[in-house]
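Engineer: Below is the file target-v7.txt, which contains compact mmCIF, C-alpha atoms.
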```txt
# COMPACT_ATOMS: atom_id res chain seq x y z
CA MET M 1 -55.67 -90.72 192.05
CA GLY M 2 -52.57 -92.70 191.06
CA ARG M 3 -49.16 -91.27 190.34
CA PRO M 4 -48.62 -90.03 186.76
CA THR M 5 -46.87 -92.61 184.61
CA SER M 6 -43.87 -91.95 182.39
CA SER M 7 -46.12 -92.02 179.32
CA THR M 8 -48.32 -89.36 180.93
CA TRP M 9 -45.30 -87.14 181.52
CA ARG M 10 -44.14 -87.66 177.93
CA ARG M 11 -47.56 -86.82 176.56
CA GLY M 12 -47.81 -83.73 178.74
CA ALA M 13 -44.33 -82.54 177.75
CA THR M 14 -45.10 -83.09 174.05
CA ILE M 15 -48.32 -81.10 174.31
CA ALA M 16 -46.60 -78.28 176.22
CA VAL M 17 -43.76 -78.01 173.69
CA THR M 18 -46.18 -78.14 170.77
CA VAL M 19 -48.37 -75.39 172.22
CA MET M 20 -45.33 -73.21 172.90
CA CYS M 21 -43.96 -73.70 169.38
CA VAL M 22 -47.27 -73.04 167.63
CA ALA M 23 -47.85 -69.94 169.77
CA TYR M 24 -44.34 -68.62 169.12
CA ALA M 25 -44.41 -69.13 165.34
CA PRO M 26 -46.37 -65.91 164.56
CA VAL M 27 -44.24 -64.02 167.09
CA ALA M 28 -41.06 -65.04 165.28
CA MET M 29 -42.45 -64.30 161.84
CA THR M 30 -43.51 -60.75 162.74
CA GLU M 31 -40.68 -59.81 165.10
CA LEU M 32 -38.70 -57.83 162.51
CA TRP M 33 -41.64 -55.85 161.10
CA PRO M 34 -41.08 -52.78 163.35
CA TYR M 35 -37.45 -52.60 162.25
CA ALA M 36 -38.44 -52.62 158.58
CA SER M 37 -41.38 -50.28 159.07
CA PRO M 38 -41.52 -48.30 162.34
CA GLY M 39 -44.89 -48.65 163.99
CA ALA M 40 -45.73 -51.93 162.26
CA PRO M 41 -47.52 -54.43 164.52
CA ALA M 42 -45.56 -57.27 166.09
CA PHE M 43 -47.25 -59.88 168.28
CA GLY M 44 -44.23 -60.37 170.53
CA GLU M 45 -43.80 -56.70 171.35
CA TRP M 46 -47.52 -56.25 171.92
CA LEU M 47 -47.60 -59.15 174.37
CA MET M 48 -44.36 -58.21 176.14
CA SER M 49 -45.45 -54.61 176.66
CA ARG M 50 -48.55 -55.88 178.46
CA LEU M 51 -46.74 -58.51 180.49
CA VAL M 52 -44.06 -56.09 181.72
CA SER M 53 -44.36 -52.48 180.46
CA PRO M 54 -44.26 -50.50 177.20
CA ARG M 55 -41.05 -48.76 178.34
CA TYR M 56 -39.40 -52.14 178.90
CA VAL M 57 -40.02 -53.01 175.25
CA THR M 58 -39.31 -49.58 173.78
CA ASP M 59 -35.88 -49.33 175.39
CA ALA M 60 -34.91 -52.78 174.10
CA LEU M 61 -36.15 -51.94 170.61
CA ALA M 62 -34.06 -48.77 170.48
CA THR M 63 -30.81 -50.63 171.20
CA ARG M 64 -31.32 -53.02 168.26
CA ILE M 65 -32.41 -50.65 165.51
CA GLU M 66 -28.93 -49.77 164.26
CA PRO M 67 -27.38 -53.31 164.25
CA TYR M 68 -30.49 -54.80 162.60
CA ARG M 69 -30.58 -52.07 159.96
CA HIS M 70 -27.28 -53.34 158.48
CA SER M 71 -28.63 -56.90 158.13
CA LEU M 72 -32.38 -56.48 157.92
CA VAL M 73 -33.01 -58.82 154.98
CA PRO M 74 -30.94 -61.73 156.41
CA MET M 75 -32.62 -61.25 159.78
CA ILE M 76 -36.10 -61.26 158.24
CA VAL M 77 -35.21 -64.50 156.44
CA HIS M 78 -33.90 -65.90 159.71
CA SER M 79 -36.97 -64.95 161.75
CA VAL M 80 -39.61 -66.01 159.20
CA LEU M 81 -37.94 -69.36 158.61
CA GLY M 82 -37.46 -69.70 162.36
CA GLY M 83 -41.21 -69.39 162.76
CA LEU M 84 -41.67 -72.11 160.15
CA LEU M 85 -39.25 -74.36 162.06
CA MET M 86 -41.39 -73.93 165.17
CA LEU M 87 -44.21 -75.61 163.22
CA LEU M 88 -42.07 -78.25 161.50
CA GLY M 89 -40.54 -79.48 164.76
CA PRO M 90 -43.79 -80.74 166.36
CA ALA M 91 -44.86 -82.13 162.99
CA GLN M 92 -41.67 -84.20 162.90
CA LEU M 93 -42.23 -85.45 166.44
CA LEU M 94 -45.80 -86.47 165.64
CA THR M 95 -44.94 -88.22 162.37
CA ALA M 96 -42.14 -90.14 164.09
CA ALA M 97 -44.43 -91.17 166.96
CA GLY M 98 -47.15 -92.20 164.50
CA ARG M 99 -44.72 -94.22 162.32
CA ARG M 100 -45.52 -92.06 159.28
CA ILE M 101 -42.11 -92.85 157.82
CA ARG M 102 -42.53 -91.41 154.32
CA LEU M 103 -44.06 -88.17 155.55
CA HIS M 104 -41.43 -87.95 158.27
CA ARG M 105 -38.64 -88.18 155.69
CA VAL M 106 -40.21 -85.57 153.41
CA LEU M 107 -40.73 -83.15 156.28
CA GLY M 108 -37.22 -83.97 157.48
CA VAL M 109 -35.73 -82.77 154.21
CA VAL M 110 -37.79 -79.57 154.42
CA PHE M 111 -36.75 -79.13 158.05
CA ALA M 112 -33.03 -79.53 157.31
CA VAL M 113 -33.07 -77.14 154.34
CA THR M 114 -34.99 -74.59 156.43
CA VAL M 115 -32.48 -74.88 159.28
CA TYR M 116 -29.55 -74.24 156.95
CA ALA M 117 -31.27 -71.27 155.29
CA SER M 118 -32.38 -69.74 158.60
CA MET M 119 -28.93 -70.15 160.15
CA ALA M 120 -27.35 -68.60 157.04
CA GLY M 121 -29.41 -65.47 157.69
CA ALA M 122 -28.31 -65.42 161.33
CA GLY M 123 -24.70 -65.98 160.27
CA LEU M 124 -24.77 -62.94 157.97
CA TYR M 125 -26.12 -60.82 160.81
CA LEU M 126 -23.38 -61.98 163.18
CA ALA M 127 -20.67 -61.45 160.55
CA ARG M 128 -21.84 -57.88 159.95
CA THR M 129 -22.29 -57.01 163.64
CA ALA M 130 -19.43 -56.33 166.01
CA PRO M 131 -19.77 -58.34 169.24
CA GLU M 132 -20.04 -55.22 171.38
CA ASP M 133 -22.91 -53.92 169.20
CA ALA M 134 -25.12 -56.96 169.80
CA PHE M 135 -28.14 -56.68 172.08
CA SER M 136 -26.97 -56.65 175.74
CA GLY M 137 -23.33 -56.86 174.64
CA ALA M 138 -20.63 -59.19 173.43
CA VAL M 139 -21.69 -62.14 175.59
CA PHE M 140 -24.96 -62.46 173.70
CA TRP M 141 -23.11 -62.31 170.36
CA ILE M 142 -20.91 -65.20 171.50
CA VAL M 143 -23.94 -67.17 172.71
CA LEU M 144 -25.77 -66.63 169.42
CA ALA M 145 -22.70 -67.74 167.44
CA THR M 146 -22.35 -70.85 169.60
CA ILE M 147 -26.03 -71.75 169.22
CA LEU M 148 -25.74 -71.26 165.45
CA VAL M 149 -22.77 -73.64 165.24
CA GLY M 150 -24.49 -76.14 167.53
CA THR M 151 -27.69 -76.06 165.48
CA VAL M 152 -25.91 -76.60 162.17
CA MET M 153 -23.69 -79.34 163.62
CA SER M 154 -26.58 -81.22 165.23
CA VAL M 155 -28.81 -81.20 162.14
CA THR M 156 -25.85 -82.30 160.00
CA PHE M 157 -24.97 -85.16 162.35
CA GLY M 158 -28.66 -86.06 162.50
CA ILE M 159 -28.74 -86.40 158.72
CA LEU M 160 -25.54 -88.48 158.69
CA ALA M 161 -26.94 -90.74 161.42
CA ALA M 162 -30.12 -91.34 159.43
CA VAL M 163 -28.17 -92.10 156.24
CA GLY M 164 -25.82 -94.39 158.17
CA GLY M 165 -28.65 -96.43 159.63
CA PHE M 166 -28.50 -95.18 163.23
CA PRO M 167 -32.12 -94.18 164.02
CA ASP M 168 -31.41 -93.82 167.74
CA LEU M 169 -28.53 -91.41 167.10
CA HIS M 170 -30.58 -89.58 164.47
CA GLN M 171 -33.22 -89.04 167.11
CA ARG M 172 -30.70 -87.71 169.63
CA TRP M 173 -29.09 -85.24 167.25
CA MET M 174 -32.40 -83.93 165.93
CA LEU M 175 -33.76 -83.45 169.45
CA LEU M 176 -30.59 -81.53 170.31
CA CYS M 177 -31.00 -79.45 167.15
CA TYR M 178 -34.56 -78.60 168.05
CA GLY M 179 -33.46 -77.85 171.59
CA PHE M 180 -31.10 -75.20 170.25
CA LEU M 181 -33.92 -73.78 168.13
CA LEU M 182 -36.13 -73.60 171.22
CA THR M 183 -33.73 -71.10 172.77
CA ALA M 184 -35.69 -68.42 170.88
CA PRO M 185 -39.14 -68.97 172.47
CA LEU M 186 -37.63 -69.87 175.85
CA LEU M 187 -35.66 -66.63 175.85
CA ARG M 188 -38.88 -64.68 175.23
CA LEU M 189 -40.51 -66.51 178.12
CA GLU M 190 -37.65 -65.43 180.36
CA TRP M 191 -37.89 -61.85 179.11
CA GLY M 192 -41.51 -61.88 180.24
CA GLY M 193 -41.14 -63.95 183.42
CA LEU M 194 -37.87 -62.92 185.05
CA PRO M 195 -38.98 -59.29 185.66
CA LEU M 196 -41.37 -60.75 188.25
CA LEU M 197 -38.36 -62.10 190.16
CA LEU M 198 -35.98 -59.28 189.26
CA PRO M 199 -38.11 -56.13 189.05
CA GLY M 200 -36.66 -52.90 187.77
CA LEU M 201 -34.15 -54.44 185.36
CA SER M 202 -34.07 -53.61 181.66
CA MET M 203 -34.60 -56.30 179.04
CA ALA M 204 -30.86 -56.18 178.27
CA GLU M 205 -30.07 -56.94 181.93
CA ILE M 206 -32.70 -59.69 182.04
CA ASN M 207 -31.15 -61.12 178.88
CA GLN M 208 -27.75 -61.27 180.56
CA VAL M 209 -29.20 -63.44 183.33
CA ALA M 210 -31.15 -65.69 180.95
CA ILE M 211 -28.22 -66.55 178.70
CA MET M 212 -26.23 -67.78 181.71
CA HIS M 213 -28.23 -71.00 181.57
CA LEU M 214 -30.22 -71.03 178.33
CA GLY M 215 -27.89 -73.33 176.37
CA SER M 216 -27.57 -75.81 179.24
CA VAL M 217 -31.34 -75.91 179.80
CA VAL M 218 -32.20 -76.78 176.19
CA ALA M 219 -29.40 -79.35 175.91
CA PHE M 220 -30.60 -80.94 179.16
CA GLY M 221 -34.16 -80.97 177.82
CA ALA M 222 -32.97 -82.75 174.68
CA LEU M 223 -31.22 -85.36 176.84
CA ILE M 224 -34.35 -85.93 178.95
CA ALA M 225 -36.40 -86.38 175.77
CA SER M 226 -33.85 -88.80 174.31
CA ARG M 227 -33.73 -90.90 177.45
CA SER M 228 -37.53 -91.02 177.78
CA LEU M 229 -37.85 -92.33 174.21
CA ASP M 230 -35.06 -94.92 174.51
CA ARG M 231 -36.35 -97.86 176.56
CA ARG M 232 -33.54 -100.29 175.79
CA ARG M 233 -31.99 -101.85 178.86
CA ALA M 234 -28.77 -102.61 176.98
CA VAL M 235 -27.16 -102.04 173.58
CA ASP M 236 -25.49 -104.96 171.83
CA GLY M 237 -21.72 -104.56 171.87
CA VAL M 238 -21.68 -102.01 174.69
CA SER M 239 -19.94 -103.34 177.76
CA GLY M 240 -18.16 -101.61 180.58
CA SER M 241 -18.10 -97.84 180.64
CA TRP M 242 -16.28 -95.01 178.91
CA ALA M 243 -16.83 -93.03 182.10
CA PRO M 244 -15.52 -95.40 184.80
CA LEU M 245 -15.35 -94.34 188.43
CA PRO M 246 -11.79 -92.88 188.28
CA VAL M 247 -12.77 -90.71 185.29
CA LEU M 248 -15.97 -89.60 187.01
CA VAL M 249 -14.11 -88.76 190.22
CA ALA M 250 -11.45 -86.79 188.32
CA ALA M 251 -14.15 -84.86 186.45
CA HIS M 252 -15.88 -84.03 189.75
CA LEU M 253 -12.67 -82.78 191.33
CA ALA M 254 -11.74 -80.65 188.31
CA GLY M 255 -15.27 -79.28 188.06
CA ALA M 256 -15.42 -78.45 191.77
CA ALA M 257 -12.12 -76.56 191.55
CA ALA M 258 -13.31 -74.62 188.50
CA LEU M 259 -16.64 -73.82 190.17
CA ALA M 260 -14.84 -72.53 193.28
CA TRP M 261 -12.71 -70.24 191.09
CA ILE M 262 -15.82 -69.02 189.21
CA VAL M 263 -17.71 -68.25 192.43
CA TYR M 264 -14.70 -66.40 193.87
CA ALA M 265 -14.30 -64.39 190.65
CA TYR M 266 -17.97 -63.40 190.53
CA LEU M 267 -18.13 -62.31 194.14
CA GLU M 268 -15.87 -59.40 193.17
CA PHE M 269 -18.47 -57.95 190.78
CA GLY M 270 -21.08 -56.94 193.33
CA ALA M 271 -24.83 -57.22 192.79
CA VAL M 272 -24.51 -57.77 189.03
CA GLY M 273 -22.06 -60.61 189.54
CA HIS M 274 -24.25 -62.20 192.22
CA ARG M 275 -27.25 -62.06 189.90
CA LEU M 276 -25.41 -63.67 186.99
CA LEU M 277 -23.86 -66.29 189.26
CA ALA M 278 -27.29 -67.28 190.59
CA GLY M 279 -28.58 -67.50 187.01
CA TYR M 280 -25.81 -69.99 186.28
CA LEU M 281 -25.56 -72.02 189.49
CA LEU M 282 -29.23 -72.78 190.22
CA PRO M 283 -30.00 -74.49 186.87
CA TYR M 284 -26.58 -76.17 187.00
CA ALA M 285 -27.34 -77.67 190.41
CA VAL M 286 -30.76 -78.95 189.31
CA THR M 287 -29.28 -80.49 186.16
CA TYR M 288 -26.49 -82.16 188.14
CA ALA M 289 -28.93 -83.60 190.68
CA VAL M 290 -31.20 -85.08 188.02
CA MET M 291 -28.29 -86.65 186.11
CA ALA M 292 -26.67 -88.12 189.23
CA VAL M 293 -29.92 -89.57 190.56
CA SER M 294 -30.90 -90.95 187.15
CA ALA M 295 -27.52 -92.65 186.67
CA ARG M 296 -27.71 -94.24 190.12
CA ARG M 297 -31.30 -95.39 189.58
CA ALA M 298 -30.45 -96.91 186.21
CA ALA M 299 -27.56 -98.81 187.83
CA ARG M 300 -29.83 -100.20 190.56
CA GLN M 301 -32.39 -101.30 187.98
CA GLY M 302 -29.80 -103.01 185.79
CA ARG M 303 -30.36 -100.69 182.81
CA SER M 304 -26.75 -100.60 181.67
CA TRP M 305 -27.27 -98.41 178.58
CA ALA M 306 -29.22 -95.73 180.45
CA ARG M 307 -26.54 -95.74 183.15
CA GLU M 308 -23.80 -95.30 180.58
CA GLU M 309 -25.49 -92.41 178.78
CA TRP M 310 -26.29 -90.60 182.02
CA ARG M 311 -22.68 -91.04 183.22
CA LEU M 312 -21.22 -89.70 179.98
CA HIS M 313 -23.39 -86.61 180.18
CA LEU M 314 -22.70 -86.21 183.91
CA THR M 315 -18.97 -86.29 183.22
CA ALA M 316 -19.42 -83.61 180.57
CA LEU M 317 -21.49 -81.47 182.94
CA CYS M 318 -18.76 -81.69 185.60
CA LEU M 319 -16.18 -80.57 183.05
CA ALA M 320 -18.29 -77.66 181.77
CA PRO M 321 -16.98 -75.20 184.42
CA VAL M 322 -13.43 -76.26 183.48
CA LEU M 323 -14.14 -75.33 179.86
CA SER M 324 -15.74 -72.05 180.94
CA ALA M 325 -12.75 -71.12 183.10
CA GLY M 326 -10.35 -72.05 180.30
CA ALA M 327 -12.33 -70.08 177.71
CA THR M 328 -12.20 -66.88 179.77
CA PRO M 329 -8.58 -65.89 178.93
CA VAL M 330 -9.14 -66.99 175.32
CA PHE M 331 -12.07 -64.60 174.96
CA GLU M 332 -10.07 -61.86 176.66
CA ARG M 333 -7.15 -62.15 174.25
CA THR M 334 -8.93 -62.96 170.97
CA LEU M 335 -11.92 -60.60 171.31
CA GLY M 336 -10.39 -57.95 173.54
CA LEU M 337 -13.04 -58.43 176.26
CA ASP M 338 -12.65 -57.36 179.86
CA HIS M 339 -12.37 -60.13 182.46
CA HIS M 340 -15.99 -59.87 183.64
CA THR M 341 -17.44 -60.08 180.13
CA ALA M 342 -15.11 -62.91 179.11
CA LEU M 343 -16.02 -64.91 182.21
CA ALA M 344 -19.74 -64.44 181.55
CA ALA M 345 -19.26 -65.59 177.95
CA GLY M 346 -17.40 -68.69 179.12
CA LEU M 347 -20.16 -69.59 181.56
CA ALA M 348 -22.88 -68.94 179.00
CA VAL M 349 -21.51 -71.43 176.45
CA GLY M 350 -19.74 -74.04 178.58
CA CYS M 351 -22.62 -76.39 179.42
CA GLY M 352 -24.11 -76.32 175.93
CA VAL M 353 -20.77 -77.05 174.27
CA LEU M 354 -20.00 -79.95 176.62
CA ALA M 355 -23.52 -81.39 176.23
CA THR M 356 -22.96 -81.43 172.47
CA ALA M 357 -19.61 -83.11 173.00
CA ALA M 358 -21.26 -85.71 175.25
CA THR M 359 -23.83 -86.45 172.53
CA ALA M 360 -20.93 -86.99 170.12
CA VAL M 361 -19.28 -89.40 172.58
CA VAL M 362 -22.56 -91.31 172.96
CA SER M 363 -22.72 -91.54 169.16
CA LEU M 364 -19.17 -92.87 168.97
CA ARG M 365 -20.05 -95.39 171.69
CA VAL M 366 -22.97 -96.74 169.64
CA MET M 367 -21.05 -96.77 166.35
CA TYR M 368 -18.11 -98.54 167.96
CA ALA M 369 -20.47 -101.16 169.39
CA ARG M 370 -21.94 -101.81 165.94
CA GLU M 371 -18.46 -102.13 164.46
CA LEU M 372 -17.60 -104.71 167.11
CA ARG M 373 -20.75 -106.67 166.25
CA LYS M 374 -19.86 -106.60 162.56
CA ARG M 375 -16.38 -107.91 163.24
CA SER M 376 -17.66 -110.70 165.46
CA THR M 377 -20.17 -111.90 162.84
CA THR M 378 -17.78 -111.70 159.87
CA ALA M 379 -14.68 -113.13 161.58
CA PRO M 380 -13.72 -116.53 160.04
CA ALA M 381 -14.13 -119.55 162.28
CA ALA M 382 -10.91 -120.76 163.87
CA PRO M 383 -9.59 -123.99 162.24
CA ALA M 384 -9.95 -127.14 164.29
CA SER M 385 -6.67 -128.25 165.85
CA ARG M 386 -5.17 -131.45 164.56
CA VAL M 387 -4.43 -134.26 167.00
CA SER M 388 -1.38 -136.30 165.97
CA SER M 389 -1.54 -140.04 166.40
CA PRO M 390 1.19 -141.72 168.44
CA VAL M 391 4.06 -143.14 166.46
CA SER M 392 3.86 -146.92 166.35
```
Could you render the structure as structure tokens?
Structural biologist:
Amino acid sequence: MGRPTSSTWRRGATIAVTVMCVAYAPVAMTELWPYASPGAPAFGEWLMSRLVSPRYVTDALATRIEPYRHSLVPMIVHSVLGGLLMLLGPAQLLTAAGRRIRLHRVLGVVFAVTVYASMAGAGLYLARTAPEDAFSGAVFWIVLATILVGTVMSVTFGILAAVGGFPDLHQRWMLLCYGFLLTAPLLRLEWGGLPLLLPGLSMAEINQVAIMHLGSVVAFGALIASRSLDRRRAVDGVSGSWAPLPVLVAAHLAGAAALAWIVYAYLEFGAVGHRLLAGYLLPYAVTYAVMAVSARRAARQGRSWAREEWRLHLTALCLAPVLSAGATPVFERTLGLDHHTALAAGLAVGCGVLATAATAVVSLRVMYARELRKRSTTAPAAPASRVSSPVS
């Protein structure tokens, strides 16, 4: 049997994501029923209680009753529309792959409106809930707020890219948007799977581990999807690199220093700190390795555009710990968090924020290249020089 081809991997990934989204849709749509009517059936709770234990689910439910009660209607809107988005996402991928342009545009409008409405519901919940009252604490509130902003930004930039005639950038932003939306089903998978590796922990404690890497995982998945769909070896107008070797080296040095400080800080927090640090470092190391190897392979194969995009994202990944370390005192002072909680919040959002920034830099790179092409095609031809005849 031969090795799987890239198209086989893409097809398998598409099927896996589609199955996960379709399966999660009814879970999302019924998740708030028990809060509105105690004892009402909910597919997610039923499944989770059998995967782990009924006590595991009951304890988690009890901690969310009071915060959800203040914003039940917005949360129901958010969860029901979130379930709808789980179905619209694969439909958009399939219509784009099948070149069903008109249907893709119609569903795209529905998708964008649904994203804005769903995120409005989540925004009302966050505005009415103090960070410390959120499930598993203030770190999760900060993560949810960051994902909300990232989702709204990415769908907005995706719309602007489509209107501006940048289909490749539209694709990148919409994949990133859907990646942020996929944090919901992926988080549930971790709630059900991590107790096998970390037995005896509550769902709130499992949640604290999961959010250490959730944003970075979905942003990395969006990048992998974007790169697998973009087969261009080069982009007209793109030459050189916006992440040359000196910049890449400086980013590595700054990131290594920040990582050393983070590891040292977490070692002071005992078993809890070690657990959260592992939840951050292991996915970070895998992501770094894939980006570094992919950038080097693209360079060897002469695929200049792939090399440039991988390098820009690799630079951002190296700088993510720097952002996380810098955000820690900001969270301490602005939100009144203790050092441990502020550090966890910084780690939880750093990679996702920098991945979004890297996508913005890639977009600027492409738009700048098109502007250069426009200038070169519209520039007037230089007048021919006159040659004077010798004086007789």
Engineer: List every protein, DNA or RNA residue that has at least one atom no more than 7 Å from (-29.8, -83.9, 161.2) in the file's coordinates, counting only C-alpha atoms, and write the result as a ChimeraX atom specification.
Structural biologist: /M:112,154-160,170,173-174
Engineer: For the residues in that selection, give me C-alpha atoms as a compact mmCIF listing (two decimals), in the coordinates of the input.
Structural biologist:
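Just written: part.txt:
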```txt
# COMPACT_ATOMS: atom_id res chain seq x y z
CA ALA M 112 -33.03 -79.53 157.31
CA SER M 154 -26.58 -81.22 165.23
CA VAL M 155 -28.81 -81.20 162.14
CA THR M 156 -25.85 -82.30 160.00
CA PHE M 157 -24.97 -85.16 162.35
CA GLY M 158 -28.66 -86.06 162.50
CA ILE M 159 -28.74 -86.40 158.72
CA LEU M 160 -25.54 -88.48 158.69
CA HIS M 170 -30.58 -89.58 164.47
CA TRP M 173 -29.09 -85.24 167.25
CA MET M 174 -32.40 -83.93 165.93
```
Engineer: Need the shell around His339 in chain M: protein/DNA/RNA residues with any atom at most 10 Å away, counting only C-alpha atoms. Skip same-chain ones fewer than 5 positions apart. Format as a list in words?
Structural biologist: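 So, after excluding close chain neighbours, the residues are Ala265, Thr328, Pro329, Phe331, Glu332, Arg333, Ala344 and Ala345 of chain M.
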Engineer: Taking all atoms listed in the file into account, which of M:Glu31, M:Glu205, M:Asp236, M:Asp168 comes nearest Ser363 in chain M?
Structural biologist: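 Residue with the minimum atom-to-atom distance to Ser363 in chain M: M:Asp168.
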Engineer: Would you work out the distance separating CA of Ala306 in chain M from CA of Val163 in chain M, expressed in Å to one decimal?
Structural biologist: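 Taking CA of Ala306 in chain M as the start and CA of Val163 in chain M as the end point, the length is 24.5 Å.
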Engineer: To one decimal in Å, tell me the separation between CA of Ala28 in chain M and CA of Gly83 in chain M.
Structural biologist: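 Going from CA of Ala28 in chain M over to CA of Gly83 in chain M covers 5.0 Å.
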Engineer: Which of these residues is nearest to Leu323 in chain M, using all atoms listed in the file: M:Ala257, M:Leu337, M:Ala117, M:Leu364?
Structural biologist: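 Nearest candidate to Leu323 in chain M out of M:Ala257, M:Leu337, M:Ala117, M:Leu364: M:Ala257.
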Engineer: With all atoms listed in the file counted, which protein, DNA or RNA residues have an atom no more than 10 Å from (-15.2, -88.8, 187.2) in the file frame? Please answer as a VMD selection string.
Structural biologist: chain M and resid 243 to 255 311 to 312 314 to 316 318 to 319
Engineer: Using only C-alpha atoms, determine which residues lie at most 7 Å from Leu124 in chain M, disregarding the query and same-chain residues fewer than 4 positions distant; provide the list as JSON, numbers by chain.
Structural biologist: {"M": [74, 120, 128]}
Engineer: Between CA of Leu88 in chain M and CA of Leu107 in chain M, what distance in Å does the model show, to one decimal?
Structural biologist: 7.3 Å
Engineer: Excluding Leu229 in chain M and its own-chain neighbours fewer than 4 positions away, which residues fall within 10 Å of it when counting all atoms listed in the file? Please give them as a PyMOL selection string.
Structural biologist: chain M and resi 7+10+97+168+171-172+223-225
Engineer: Tell me, as a ChimeraX atom specification, which residues lie within 12 Å of Leu84 in chain M, counting all atoms listed in the file; anything in the same chain fewer than 4 positions away does not count.
Structural biologist: /M:21-30,77-80,88-91,107,110-115,117-118,181
Engineer: Using all atoms listed in the file, which residue out of M:Ala298, M:Leu175, M:Thr95, M:Leu214 lies closest to Arg231 in chain M?
Structural biologist: M:Ala298
Engineer: Tell me, as a CSV table (one decimal) with C-alpha atoms, in the frame of the given file, which residues lie within 12 Å of Thr146 in chain M, counting only C-alpha atoms; anything in the same chain fewer than 2 positions away does not count.
Structural biologist:
```csv
chain,number,residue,atom,x,y,z
M,119,MET,CA,-28.9,-70.2,160.2
M,122,ALA,CA,-28.3,-65.4,161.3
M,123,GLY,CA,-24.7,-66.0,160.3
M,126,LEU,CA,-23.4,-62.0,163.2
M,139,VAL,CA,-21.7,-62.1,175.6
M,140,PHE,CA,-25.0,-62.5,173.7
M,141,TRP,CA,-23.1,-62.3,170.4
M,142,ILE,CA,-20.9,-65.2,171.5
M,143,VAL,CA,-23.9,-67.2,172.7
M,144,LEU,CA,-25.8,-66.6,169.4
M,148,LEU,CA,-25.7,-71.3,165.4
M,149,VAL,CA,-22.8,-73.6,165.2
M,150,GLY,CA,-24.5,-76.1,167.5
M,151,THR,CA,-27.7,-76.1,165.5
M,152,VAL,CA,-25.9,-76.6,162.2
M,153,MET,CA,-23.7,-79.3,163.6
M,180,PHE,CA,-31.1,-75.2,170.2
M,183,THR,CA,-33.7,-71.1,172.8
M,211,ILE,CA,-28.2,-66.6,178.7
M,214,LEU,CA,-30.2,-71.0,178.3
M,215,GLY,CA,-27.9,-73.3,176.4
M,345,ALA,CA,-19.3,-65.6,178.0
M,346,GLY,CA,-17.4,-68.7,179.1
M,348,ALA,CA,-22.9,-68.9,179.0
M,349,VAL,CA,-21.5,-71.4,176.4
M,350,GLY,CA,-19.7,-74.0,178.6
M,351,CYS,CA,-22.6,-76.4,179.4
M,352,GLY,CA,-24.1,-76.3,175.9
M,353,VAL,CA,-20.8,-77.0,174.3
M,354,LEU,CA,-20.0,-80.0,176.6
M,356,THR,CA,-23.0,-81.4,172.5
```
